[in-house]
Amino acid sequence: MPEIHLWSGLRHLAGGEEIVAVEGNTIGQMLDALVAKHPRLEPAIKAGVSVAVDGQIKPNNRASKVSEESEIFLLQKLRGG
Amino acid sequence: MALDSGKPKFKYIGTRPNRPDGLDKVTGRARYGADISAPGMLHGAILRSPHAHAKILKIDASKALALKGVKAVVTRADFADGLSGEDWNIQENCMAGEKALYDGHAVAAVAATSALIARDAIKLIDVDYEPLPHVTDVDAAMAEGAPVIRDGAADYSVPEGLHPNVVRYFESGRGDLDEGFAKADLVLKRHYTTEAAHQGYIEPHACLAQLGADGKGELWCCTQGHWYVRQMCAAALGLEVSQLKVTPSEIGGGFGGKTTVFIDPVALALSRKAGGKPVKLVMSRSEVLRATGPTASASMDIKMGMTKDGKITAASGTYRMQGGAFPGAPVDETTVLAFANYNIEHVHHVGYDVMSNRPKQAAYRAPGAPMAAFGTESIIDEMATQLGLDPLEIRLKNAVKEGVRATYGPKFPAVGLIETLEAAQSHDNYAVPLGPNQGRGVASGFWLNWGGDTSASVAISEDGTVAVTVGTPDIGGSRASMALMAAEAFGIPYENVRVHIGDTASLGINEPTHGSRATYASGLAVIQSAKECIQKLSKRAAEAWGIDPDAVIWEDGFARPSGPNAGEFEPMSIAEIAGNMSSSGGPISGHFEASPETYGGSFGTHVVDVEVDPETGRTTVLRYLVVQDAGKAIHPSYVEGQFQGGAAQGIGWALNEEYIYGEDGRLQNPIFLDYRVPVASDLPMIDTVIVEVPNPGHPYGVRGVGETGITPPLPAIANAIAAATGVRFTKLPLTPPRVLAGIKAAKNA
């Protein structure tokens, strides 16, 4: 299963977990699975997050593919500037 | 969409042809927002709150409506109901509802047959206000007992017990700070502040709007992103998005401040109320400064640990940022970028998004990054001085590179910080001897850059020339860059390509020209569209020759058989194929619609020499060097222009620019005489060095370059002044009175 690294401010909403393993082949599936596993994360995910997959930050692409080997970090919602 | 192959050789990329819009601009032919007119046009004016915070008890517009020539008055009642989130924030900022939230907040607007009548009419509108306590300082806005701007505005992230003006809270980090600081030979903790600075674009906001009772409308405006304008206006007025067509004018600067709307929904509402007559609305400079977004101000606590040989062992930062009377201060970017230049094992960031009675902040060139850099790069410089280390060496020792884990989590791809530091180190400017009262400052900076929704179209004309349409307004020469990339892809002269900025009905949605994305994302879209055209052109040639399309290659504007086995045919030019396109299958064009995500961040390093007059505290910038990674400079002159522009704006922010509010909460410096942006005589020619570490995610290696340049100047200038005076300043701007007071205080200490 892909593993998601949470930023430290989210960990208290995920039972203290820093890394959460969830099912999913896309960013969207993975985020949905994350919320299903830790419902208290829902407001954070709904507010918008960026997802870094193997070093590339993807601001808003639920369809983007992920794999078990992908290194995945949640980041706060970044904007264009 | 990866880099075409290694570091490709180019024919047109990297040359410096004249910009296609240059003649129009130097002859005055270019049409900016206020240049657009229509028959029967009315003129609008906006009544603005004289209070920093007040309940609006009653608005009586009867006297204004009785004035001859007045055709419409609108208030908040003329906008859509039931919005939420950012749609509501934007609507509320364009026209106040129950409360005026800052000095200059719009409360009503008039459309009349002349601008003079409209301005007279707004003076006849009676507004009953009930003034409320106000707060404009970020630390004061968080303090116990501070006036509450809007209860219930905080989101999920804010811990219990914080003041209601704190609307978002963010915390991130890794490692063990105690362990990291314990390894340090020197630990410093400092408090820094930066003031709100305006984007300072030359052209005030202006638009011409027409909206009928049937909900169909058109809008012409100066904007960085007309699809954003369309969506925001449609939400504010309750329109179907596609019923509104938005066309961008030429734009006299934006720097992030024109990625949102301030007057456009108001002009549309006035037009609708005036029976569909077009309404022109143009802001004055004081309206721009009072009521359009500056960036946030910041109050920061930075702590850093370092070994005596310059290795950073730990760093932490707390960032309190006010973004006006709405959520949205760029604390996300500030915290992400705060220590991103450096490879630090133990790091921690805390961010607060705080509301105050100031205008709604808007993006400003690398939003949030300059403030973060001021803290980080200032404390590094002070530590370097205390440890007797060279400031560039200390940065080289800690600089990130490919494979290093960023302070925000993921590993860096190929990046060019080390290359910029080395280029700065070997530049002549770094060896110029300094005289009395002179000092040298260095600082580095970073911006992640951006991709975003992008659509483009490339059409082949009958003579083989090419029309390119993109959706990103040209602010800094991007039409030249697009034409160069198209010329390179087709192998045809730059002059044979004309680039247009399409309106919202011409292309799929586009994000604005923001995030340093235009040359990267629209450029990538143009290249991909051109490749689609080339595929079609090659197919036409193959069909004419009666060979397989795979046996055709495209070189220098010609279709050619790929080798002897493909057959012997005279190469067919783009003009020849285009001339026959109607009889060979019809029009030839290419399109691109996607959200590219392979943007590459850009690092920069600046070196500045200043002289400080000990009698007056005035700082003179003697020489200034910008070194930045462009990935690949498509048109080097405009890359250098971006470097210089970012540096100039950062110098202004460092030395003079600030929003000054009185005790009454009103802005005291709403004109350029008092809000002091740098002018040409304030600055030396800014030297530039373009570093090229190709972005592997772009066919030609492009990285965005527009924003990084404003990130290092704040600390670079402060560091240079510290070197010149021996006094470390931690509060910007470094105006002559502030510097003089610091010098005197140090002497008396």
# chains A, B, ... in the order shown; residues from 1 in each chain; ligands from 1
>>> select_by_dssp(residues="chain A", states="alpha helix (DSSP H)", output="count of residues only")
17
>>> interface_residues(of="chain A", to="chain B", cutoff="7 Å", atoms="only C-alpha atoms", output="ChimeraX atom specification")
/A:7-9,43,52,54-56,58,73,76,78,80-81
>>> atom_distance(atom1="CA of Ala296 (chain B)", atom2="CA of Glu658 (chain B)")
10.8 Å
>>> atom_distance(atom1="CA of Arg40 (chain A)", atom2="CA of Gly15 (chain A)")
9.3 Å
>>> residues_around(residues="Glu69 (chain A)", least_positions_apart="5", cutoff="10 Å", atoms="only C-alpha atoms", output="NGL selection string")
:A and (1-3 or 54)
>>> closest_residue(among="B:Lys731, B:Lys303, B:Arg29, B:His226", to="Gly502 (chain B)", atoms="only C-alpha atoms")
B:His226
>>> closest_residue(among="B:Ala52, B:Ala206, B:Ala741, B:Met581", to="Trp220 (chain B)", atoms="only C-alpha atoms")
B:Ala206
>>> residues_around(residues="region 574-579 of chain B", least_positions_apart="5", cutoff="12 Å", atoms="only C-alpha atoms", output="PyMOL selection string")
chain B and resi 459-466+487+490-493+496+533-545+554-560+584-589
>>> select_by_dssp(residues="region 427-495 of chain B", states="strand (DSSP E or B)", output="compact mmCIF listing (two decimals) with C-alpha atoms, in the first residue's frame")
# COMPACT_ATOMS: atom_id res chain seq x y z
CA GLN B 438 30.08 50.68 2.87
CA GLY B 439 28.99 47.11 3.37
CA ARG B 440 28.28 43.98 1.35
CA GLY B 441 25.27 41.73 1.88
CA VAL B 442 24.38 38.39 0.36
CA ALA B 443 21.26 36.29 0.52
CA SER B 444 19.69 33.40 -1.32
CA GLY B 445 16.06 32.73 -2.13
CA PHE B 446 13.74 30.14 -3.61
CA TRP B 447 10.35 29.90 -5.23
CA THR B 454 -3.35 25.69 -19.27
CA SER B 455 -4.85 25.78 -22.74
CA ALA B 456 -3.22 26.88 -25.98
CA SER B 457 -3.90 26.71 -29.67
CA VAL B 458 -1.56 26.90 -32.65
CA ALA B 459 -3.00 27.46 -36.12
CA ILE B 460 -1.20 27.21 -39.46
CA VAL B 466 1.78 30.55 -37.51
CA ALA B 467 -0.82 32.06 -35.17
CA VAL B 468 -0.45 31.09 -31.53
CA THR B 469 -3.17 31.73 -28.95
CA VAL B 470 -2.46 31.42 -25.26
>>> residues_around(residues="region 708-724 of chain B", least_positions_apart="5", cutoff="7 Å", atoms="only C-alpha atoms", output="count of residues only")
40
>>> atom_distance(atom1="CA of Gln199 (chain B)", atom2="CA of Arg48 (chain B)")
20.9 Å
